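Report on one structure; see the data block that follows.
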Amino acid sequence: MKNYRLFFRKSILKGIWIGVTLAVLHLLSACCKMHDPVLHAYGKVALKVQVDIGAEMEALGYTVPESYHIDFYDADGEGWLNERNMMGNSTNLYLNYGWYHMLFYNNDTQLLRLQYGEEKHSLEATTEKYPYISLPDTLKQKLDVRQMPDLLYATYDKNIHVSDDLADYIYLPEQNAYVLEVEAKVKPLVYIYQIEVKLLHNSGQVIGCENLTMTGLASSVDIFQAIRGGSEVAHQVPTTFTNGGQGTSLVQGQLQTFGQYNADGQKGQNLCYVSLNYTNGGKRCIPVDVTQQMQEQPKGGYIKIVLDLDTIPAPKPTDGWHMEVNGWDEENHYQGI
């Protein structure tokens, strides 16, 4: 009788063990086939930022950002939820299931000043006044000269879905995890212009050039809407001066700007002031209208100016400035990006 009871007891325990094992296997199988929000409170999201910089943009001076800032908004109420900084162009993070709006912009900047609006539903990028202005006093008083902005890339993507359906995820064996991939394509909001001033018949009278000054530019941009606004400002552009053959000299500089100033549909006039230094110690500031070239290339390009020094009187031997209003030729060139 004792052996029978022992056998019966072992059979019951064995049956229970087999039942529990089958139940566990069934549960694991079910978990592998579903992505239940009750069991998994968050979705793992791989965020990747892409900026398309082709050979033409590289030649103009565009570079790939080193880091980004991300703001998360609730797609239903559009309220701000959270933020994240990201080194490089990708990151992995966990988000609640649901719908989001996401603002991406690079934050590897020094000269940009960013100001959020009410409830972080707007973001203005601008710059401060330029402290070292090389212009005649009459122009210093007339122009609002600001620092050139750093390169800025951004996008505001709406209705990004962090799904609770495992079918929307991809399995990454190296992480042993299912990941939802989200890619944002940022666009430049600061444009680059390569400016070249060709000086003809320079027999040694001009030995250098001060900063170029470009007028008729926007002072800010709304990163959400990519709309340029603010006031009309000017930027000073550092230059290089080189002597070529046959009495030709080149002045070159890189302008970075939010774009042309546009108020009530009227765009500002883009004057490029070329400030030449002469061997006798005098200086001459020559304004050149490049509005047409800027309008033909609203998102960056090449500005070409030709000045014939035989038609421009040399200044008197003095350290003072002299303004010149005539005597230039203009070449129009443009290249889309």
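The way I read the labels, and the way they are meant: chains A, B, ... in the order of the structure tokens, residue 1 as the first residue of every chain, and ligand 1 as the first ligand shown, with later ones counted on from there.
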Give me every strand (DSSP E) residue in stretch 177-325 of chain A, going by DSSP on the backbone, as an MDAnalysis selection string. chainID A and resid 177:185 187:188 191:200 206:209 212:222 227:237 239:243 249:257 262:263 266:267 271:278 283:289 301:308 321:323
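Nearest to A:Pro287 of all the residues A:Gln260, A:Ser249, A:Thr213, A:Gln175 is A:Thr213, based on only C-alpha atoms.
Using only C-alpha atoms, the shortest contact distance between A:Phe72 and any of A:Tyr156, A:Tyr130, A:Tyr302, A:Tyr116 is found at A:Tyr156.
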Contact check, stretch 47-147 of chain A to stretch 178-200 of chain A, at most 6 Å, counting only C-alpha atoms, closest pairs as a tab-separated table:
```
residue	atom	partner	partner_atom	distance
A:Leu47	CA	A:Val182	CA	5.0
A:Lys48	CA	A:Glu183	CA	4.8
A:Val49	CA	A:Ala184	CA	4.9
A:Gln50	CA	A:Lys185	CA	4.8
A:Val51	CA	A:Val186	CA	5.5
```
Could you save the residues just selected, with N, CA and C atoms, as a JSON list (two decimals), in the first residue's frame?
```json
[["chain", "number", "residue", "atom", "x", "y", "z"],
["A", 47, "LEU", "N", 16.14, 56.41, -33.69],
["A", 47, "LEU", "CA", 16.01, 57.68, -34.39],
["A", 47, "LEU", "C", 17.28, 57.95, -35.19],
["A", 48, "LYS", "N", 17.11, 58.29, -36.45],
["A", 48, "LYS", "CA", 18.24, 58.60, -37.31],
["A", 48, "LYS", "C", 17.97, 59.88, -38.07],
["A", 49, "VAL", "N", 18.94, 60.79, -38.07],
["A", 49, "VAL", "CA", 18.82, 62.06, -38.78],
["A", 49, "VAL", "C", 19.68, 62.01, -40.04],
["A", 50, "GLN", "N", 19.09, 62.38, -41.14],
["A", 50, "GLN", "CA", 19.80, 62.34, -42.41],
["A", 50, "GLN", "C", 19.86, 63.75, -43.00],
["A", 51, "VAL", "N", 21.04, 64.15, -43.44],
["A", 51, "VAL", "CA", 21.21, 65.41, -44.15],
["A", 51, "VAL", "C", 21.93, 65.10, -45.46]]
```
A:Ser67, A:Ala154, A:Met294, A:Gln236: which is nearest A:Pro131, counting only C-alpha atoms?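 Selected residue with least distance to A:Pro131: A:Gln236.
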Surrounding residues of A:Ser134 excluding itself and chain neighbours under 6 positions, 10 Å, only C-alpha atoms, as a PDB file with N, CA and C atoms, in the first residue's frame:
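result-v3.pdb, written as the output of this step:
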```pdb
ATOM      1  N   LYS A 140      28.299 102.758 -40.643  1.00  0.00           N
ATOM      2  CA  LYS A 140      28.147 102.146 -39.324  1.00  0.00           C
ATOM      3  C   LYS A 140      26.855 102.611 -38.655  1.00  0.00           C
ATOM      4  N   GLU A 210      39.345  94.852 -46.822  1.00  0.00           N
ATOM      5  CA  GLU A 210      38.705  94.644 -45.519  1.00  0.00           C
ATOM      6  C   GLU A 210      37.586  93.604 -45.666  1.00  0.00           C
ATOM      7  N   ASN A 211      36.870  93.355 -44.584  1.00  0.00           N
ATOM      8  CA  ASN A 211      35.701  92.473 -44.671  1.00  0.00           C
ATOM      9  C   ASN A 211      34.722  92.994 -45.706  1.00  0.00           C
ATOM     10  N   LEU A 212      34.158  92.079 -46.494  1.00  0.00           N
ATOM     11  CA  LEU A 212      33.028  92.441 -47.335  1.00  0.00           C
ATOM     12  C   LEU A 212      31.806  92.647 -46.448  1.00  0.00           C
ATOM     13  N   THR A 213      30.897  93.513 -46.867  1.00  0.00           N
ATOM     14  CA  THR A 213      29.664  93.757 -46.109  1.00  0.00           C
ATOM     15  C   THR A 213      28.474  93.556 -47.035  1.00  0.00           C
ATOM     16  N   GLN A 236      29.135  91.067 -42.066  1.00  0.00           N
ATOM     17  CA  GLN A 236      30.487  91.281 -42.545  1.00  0.00           C
ATOM     18  C   GLN A 236      31.149  89.934 -42.786  1.00  0.00           C
ATOM     19  N   SER A 275      35.621  96.961 -49.624  1.00  0.00           N
ATOM     20  CA  SER A 275      36.475  97.986 -49.005  1.00  0.00           C
ATOM     21  C   SER A 275      37.938  97.676 -49.308  1.00  0.00           C
TER      22      SER A 275
END
```
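With atom CA of A:Arg84 on one side and atom CA of A:Asn106 on the other, the separation reads 11.7 Å.
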Next on the checklist: My list of candidates is A:Leu60, A:Ala218, A:Ile286, A:Ala55. Which is closest to A:Val233 when distances are computed with only C-alpha atoms?
Outcome noted: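 Smallest separation from A:Val233 among the options: A:Ala218.
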Counting only C-alpha atoms, closest pick from A:Ala46, A:Val162, A:Ala314, A:Val237 relative to A:Leu93 is A:Ala46
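The coordinates place atom CA of A:Gly259 at 6.8 Å from atom CA of A:Pro298.
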- [ ] Report the distance between atom CA of A:Arg228 and atom CA of A:Gln141 in Å, rounded to one decimal place.
- [x]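 Spanning atom CA of A:Arg228 to atom CA of A:Gln141 is a straight-line distance of 24.3 Å.
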TODO: Could you give me the residues within stretch 51-143 of chain A that DSSP places in alpha helix (DSSP H), as a list of chain:residue names?
DONE: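 Selection result, alpha helix (DSSP H) within stretch 51-143 of chain A: A:Ala55, A:Glu56, A:Met57, A:Glu58, A:Ala59, A:Leu60, A:Asp137, A:Thr138, A:Leu139, A:Lys140, A:Gln141, A:Lys142.
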### Which residue of A:Val274, A:Asn107, A:Gly208, A:Ile70 approaches A:Thr91 most closely, using only C-alpha atoms
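Smallest separation from A:Thr91 among the options: A:Ile70.
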Spatial neighbours of A:Gln295, 10 Å, only C-alpha atoms, chain gap at least 5 places, as an MDAnalysis selection string: chainID A and resid 259:260 267 269:270 290 300 334
List the neighbours of A:Leu139 out to 12 Å using only C-alpha atoms; skip same-chain residues closer than 5 positions along the sequence, and give me the result as a PyMOL selection string. chain A and resi 133-134+144-145+213-215+234+273+285-287+321-323
Those residues you just picked out, can you put them in a file as a short mmCIF file (atom, residue, chain, number, x, y, z; two decimals), in the first residue's frame with N, CA and C atoms?
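The result, written out as result19.cif:
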```
data_model
loop_
_atom_site.label_atom_id
_atom_site.label_comp_id
_atom_site.auth_asym_id
_atom_site.auth_seq_id
_atom_site.Cartn_x
_atom_site.Cartn_y
_atom_site.Cartn_z
N ILE A 133 33.28 96.24 -36.53
CA ILE A 133 32.78 96.66 -37.85
C ILE A 133 33.85 97.48 -38.56
N SER A 134 34.20 97.08 -39.78
CA SER A 134 35.14 97.84 -40.61
C SER A 134 34.38 98.47 -41.76
N ASP A 144 22.50 97.88 -39.57
CA ASP A 144 22.46 97.00 -38.40
C ASP A 144 23.29 95.76 -38.74
N VAL A 145 24.55 95.76 -38.30
CA VAL A 145 25.47 94.70 -38.67
C VAL A 145 25.43 93.61 -37.60
N THR A 213 30.90 93.51 -46.87
CA THR A 213 29.66 93.76 -46.11
C THR A 213 28.47 93.56 -47.03
N MET A 214 27.57 92.64 -46.68
CA MET A 214 26.38 92.37 -47.48
C MET A 214 25.14 92.84 -46.73
N THR A 215 24.29 93.60 -47.42
CA THR A 215 23.08 94.16 -46.82
C THR A 215 21.84 93.43 -47.36
N ALA A 234 22.77 93.45 -41.92
CA ALA A 234 23.94 93.24 -42.78
C ALA A 234 24.90 92.30 -42.07
N TYR A 273 29.40 95.72 -50.12
CA TYR A 273 30.40 96.78 -50.00
C TYR A 273 31.79 96.15 -50.02
N CYS A 285 35.62 102.43 -50.32
CA CYS A 285 34.50 101.51 -50.10
C CYS A 285 33.55 101.59 -51.29
N ILE A 286 33.38 100.49 -51.98
CA ILE A 286 32.63 100.47 -53.24
C ILE A 286 31.39 99.58 -53.08
N PRO A 287 30.19 100.15 -53.18
CA PRO A 287 28.98 99.32 -53.11
C PRO A 287 28.62 98.72 -54.47
N TRP A 321 38.34 106.95 -45.05
CA TRP A 321 37.56 106.19 -46.02
C TRP A 321 37.10 107.10 -47.14
N HIS A 322 36.94 106.53 -48.34
CA HIS A 322 36.33 107.22 -49.48
C HIS A 322 35.29 106.30 -50.08
N MET A 323 34.12 106.88 -50.33
CA MET A 323 33.03 106.09 -50.91
C MET A 323 33.02 106.25 -52.42
#
```
